[in-house]
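Single-structure report; data block below.
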Number of protein chains: 2
Amino acid sequence: MTGRSDSENAGSGEFSFIARHFRPLAGAEALDLRDDCALMRCPDGEEFAISTDTMVENVHFLPDDPPETLGRKLLRCNLSDLAAMGARPHAYTLNVTVPRGGRHDDNWFAAFSRGLAEDQKRYDVHLIGGDTTSISGPLVLSATVFGLLRQNRALRRNGARAGDDIWVTGTIGDAVLGLMVLQGKLEDTSGFLAERYHLPQPRTGLKLHRIVSAAMDISDGLIQDCGHIAAESGVQLVLNAKDVPVSEAAASLGQTLLMQRLSGGDDYELLLTCPPERSHALQSACQDAGIPVHRIGQVQTGRGVRLLDATGRDIVLEQGGWQHF
Amino acid sequence: MTGRSDSENAGSGEFSFIARHFRPLAGAEALDLRDDCALMRCPDGEEFAISTDTMVENVHFLPDDPPETLGRKLLRCNLSDLAAMGARPHAYTLNVTVPRGGRHDDNWFAAFSRGLAEDQKRYDVHLIGGDTTSISGPLVLSATVFGLLRQNRALRRNGARAGDDIWVTGTIGDAVLGLMVLQGKLEDTSGFLAERYHLPQPRTGLKLHRIVSAAMDISDGLIQDCGHIAAESGVQLVLNAKDVPVSEAAASLGQTLLMQRLSGGDDYELLLTCPPERSHALQSACQDAGIPVHRIGQVQTGRGVRLLDATGRDIVLEQGGWQHF
């Protein structure tokens, strides 16, 4: 969208396409999407946090997902990464690779960019550039998102220490159940679970500097992401399965889906570790932001992740599976 | 690569894949590709120039193009955008969407990242983050590239004025002829043209601030890109076909390919406008950087682009074609 056209993709038609659907999303830094680059400045004493993600049709979303939600989901996944580092949303670039054959017509793109416009307002971000290309294959969307934060204040994955508590925001496992609903494997008449799959809620706006010892967003599934904190911090994370927060819609489907919930992806909640003496500060910060937070376990010496059932017995976690003792 | 895994793409195997092929490319700002975001600071008084591009197999490159060149081509296309704005290369993010089925194996990625490593050295850039995903479809590569420049010094497309000369770096039309060679439509035993298609030479390192009045890189083809300068600056660009620099390899194929050369894409040379009194400064700046530069026409009042033949007669340019009077 910075004036680069894909010669196979409508030639000068691409320019009016960009003008129609993307120029209204562009901030001043985009130079109206008319130049070779965007220009972006950093306020004194701050730095940029940068995250990038790709979503592929049939892998990360379904062909009949509403176009209004697709760009928003991509944006929100990246905003969740910013939230995990403690950065506030600022801007993004967007690369759209459109299947040939016309299914993604002007109406489709109008809905797609309408969704983005709504989230730009909600999260106070703007588009600064992009590229549109064509493909003989599925729709591919990439975004690179820029956040701002004070220098040396980034929340990292490597600060968890033995004795810290483990906390998560929101409820865990809704998105993976939502995907199963959309695939016809589960039923949820409330629509809540599918909504959680389509539109994650990035936990931006939390002020956790000097409160939490480590932070990341849960995108690969709670257990796998706990493994990342454990590896980066050189500790063991011990989770109490019964304490992991569950939504009403998920709970109504019964306990048999516990392991799906704890190992499914796409939650985009925050996984935090926090020394016990700062529990109150953490809860206050979350309350101020209107974000629920629950303590789900403890950091210990050792390595890897342990999951305990209600009686304190280990649930054995295996690569790609699990079993009860 | 910032810790985001595609659950369909090898799970924890993805992490060792990233460690093998991409961590060696990562700069300090990447935080070892172990966190949710990269962190990037801007030196005092500078700003970032940001460009993003996507390349799709069968559209922007051929399935049997050497893997060593693919990442480099993507990087260089973006570096060319930085050069057009007068920014120096700094860093980039990379999104790789890999076809399922195994053709892009470890050897392929070793060659792919070896090529990138070579260009990182050549252009003094480093990887700060990325994402790897899978696709039932062709290979898709996206990069977002960050350059640095002094604030308020960006070269723009909108500064061309009637009376300025039009200049281009290098030679024009080699890449499109190279593509025709690779498609078996032309023969070039020197290999020069195919090389120009595979590996553009971004014209970084030029110091053109206060010399040129407008600048952009030629990616859509000389004539179309002249149209962009004309539109953004509100002027007419008049080109002398005989003055457009041609490589030896292209010239040896004869004059019948003139219009392909002038309207083909992928040159990644710079298109510049410059007041006549600064011609010497422009030529000196280019000489200092070892970059050839040629005057190819003049900016006039009016709109659009005119192309003149050796006798000064108009060659009529039409959307998607052309014809001689």
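By convention here, the chains of the structure tokens are called A, B, ... in the order presented, each chain's residues are numbered starting at 1, and ligands are numbered starting at 1 in the order presented.
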Exercise: A:Arg196 partners within 12 Å, only C-alpha atoms, chain neighbours under 4 positions left out, as JSON, numbers by chain: {"A": [69, 73, 76, 170, 171, 172, 173, 174, 175, 176, 177, 178, 179, 180, 181, 182, 188, 190, 191, 192, 200, 201, 202, 247, 249, 250, 265, 266, 267, 268, 269]}
Could you go through stretch 42-127 of chain B and tell me which residues DSSP, when run on the backbone, assigns to helix (DSSP H, G or I), listing them as a ChimeraX atom specification? /B:67-85,106-123
Interface list for chain B, partner chain A, 8 Å threshold, only C-alpha atoms, as a compact mmCIF listing (two decimals) with C-alpha atoms, in the first residue's frame:
```
# COMPACT_ATOMS: atom_id res chain seq x y z
CA THR B 2 8.81 -14.06 18.56
CA ARG B 4 4.51 -17.53 18.38
CA SER B 5 4.07 -21.01 17.03
CA ASP B 6 1.67 -22.18 14.42
CA SER B 7 0.12 -25.16 16.14
CA GLU B 8 -0.23 -26.88 12.77
CA ARG B 34 12.50 -15.46 22.76
CA ASP B 35 9.96 -12.86 23.85
CA ASP B 36 6.58 -11.59 22.66
CA CYS B 37 8.00 -8.53 20.92
CA ALA B 38 11.24 -7.01 19.74
CA LEU B 39 12.31 -3.74 21.34
CA MET B 40 13.71 -1.02 19.08
CA ARG B 41 15.00 2.45 19.97
CA CYS B 42 15.43 5.47 17.74
CA ASP B 44 17.88 11.29 19.04
CA GLU B 46 16.11 10.56 13.84
CA GLU B 47 12.98 8.77 12.68
CA PHE B 48 12.14 5.39 11.22
CA ALA B 49 11.27 4.84 7.57
CA ILE B 50 9.16 1.70 7.26
CA SER B 51 8.39 -0.37 4.19
CA THR B 52 6.65 -3.73 3.85
CA ASP B 53 6.36 -6.13 0.94
CA THR B 54 4.97 -9.57 0.23
CA MET B 55 6.30 -11.97 -2.39
CA VAL B 56 4.18 -14.90 -3.54
CA VAL B 59 3.61 -14.29 -8.86
CA ASP B 81 12.09 1.66 -0.68
CA LEU B 82 14.35 2.88 2.10
CA ALA B 84 14.06 6.00 -2.23
CA MET B 85 13.31 7.91 0.98
CA THR B 93 10.90 -8.62 10.47
CA ASN B 95 7.03 -13.74 7.91
CA THR B 97 4.44 -19.13 5.14
CA GLY B 129 11.31 -10.86 14.69
CA GLY B 130 8.97 -12.84 12.54
CA ASP B 131 6.47 -15.61 12.23
CA THR B 132 6.47 -19.01 10.55
CA THR B 133 3.21 -20.55 9.42
CA SER B 134 2.10 -23.28 7.05
CA ILE B 135 -0.17 -23.18 4.01
CA SER B 136 -1.86 -25.54 1.59
CA GLY B 137 -0.67 -23.39 -1.26
CA PRO B 138 2.39 -21.59 -2.55
CA SER B 142 6.56 -10.92 3.83
CA THR B 144 8.77 -5.23 7.08
CA ARG B 156 9.38 12.40 -1.18
CA ARG B 157 7.46 11.88 -4.41
CA MET B 216 11.03 6.97 -5.61
CA ASP B 217 12.19 3.51 -6.50
CA SER B 219 9.28 -1.22 -8.97
CA ASP B 220 6.19 -1.10 -11.18
CA GLU B 232 1.97 13.31 -6.48
CA GLY B 265 8.72 -4.00 -13.23
```
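Residues lying within 6 Å of stretch 292-295 of chain B, counting only C-alpha atoms and ignoring same-chain neighbours fewer than 4 positions away, are B:Ile166, B:Trp167, B:Val168, B:Thr169, B:Gly170.
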Please write the residues from the selection above to a file, keeping C-alpha atoms, as a PDB file, in the first residue's frame.
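Wrote it out as part.pdb, contents follow:
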```
ATOM      1  CA  ILE B 166      14.513  13.485 -14.627  1.00  0.00           C
ATOM      2  CA  TRP B 167      17.265  11.009 -13.756  1.00  0.00           C
ATOM      3  CA  VAL B 168      17.509   7.270 -13.147  1.00  0.00           C
ATOM      4  CA  THR B 169      20.217   5.173 -11.549  1.00  0.00           C
ATOM      5  CA  GLY B 170      21.621   2.048 -13.217  1.00  0.00           C
TER       6      GLY B 170
END
```
Residue set, stretch 126-228 of chain A restricted to strand (DSSP E or B), as a PyMOL selection string: chain A and resi 126-135+140-150+165-169+214-218
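Taking atom CA of B:Arg20 and atom CA of B:Glu118 as the two end points, the separation is 16.2 Å.
Computed from the coordinates, the atom CA of A:Ala214 to atom CA of A:Gln255 distance equals 29.5 Å.
When only C-alpha atoms are used to measure the gap to A:Ala162, the shortest distance among A:Gly234, A:Leu25, A:Gln287, A:Thr256 belongs to A:Gly234.
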Neighbour list for B:Lys121 as a PyMOL selection string, cut-off 12 Å, only C-alpha atoms, skip fewer than 5 positions in-chain: chain B and resi 25+27+72+89-91+114-116+126-127
Selection: 6 Å around stretch 274-281 of chain A, only C-alpha atoms, excl. self and same-chain fewer than 2 positions, as a tab-separated table (two decimals) with C-alpha atoms, in the first residue's frame:
```
chain	number	residue	atom	x	y	z
A	164	ASP	CA	6.20	-16.42	42.80
A	165	ASP	CA	2.53	-17.08	42.17
A	212	VAL	CA	4.85	-8.88	37.87
A	213	SER	CA	8.13	-10.77	37.54
A	283	GLN	CA	-5.23	-7.39	41.66
A	284	SER	CA	-5.64	-3.61	41.99
```
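Nearest to B:Lys185 of all the residues B:Leu257, B:Asp314, B:Arg306, B:Arg150 is B:Leu257, counting only C-alpha atoms.
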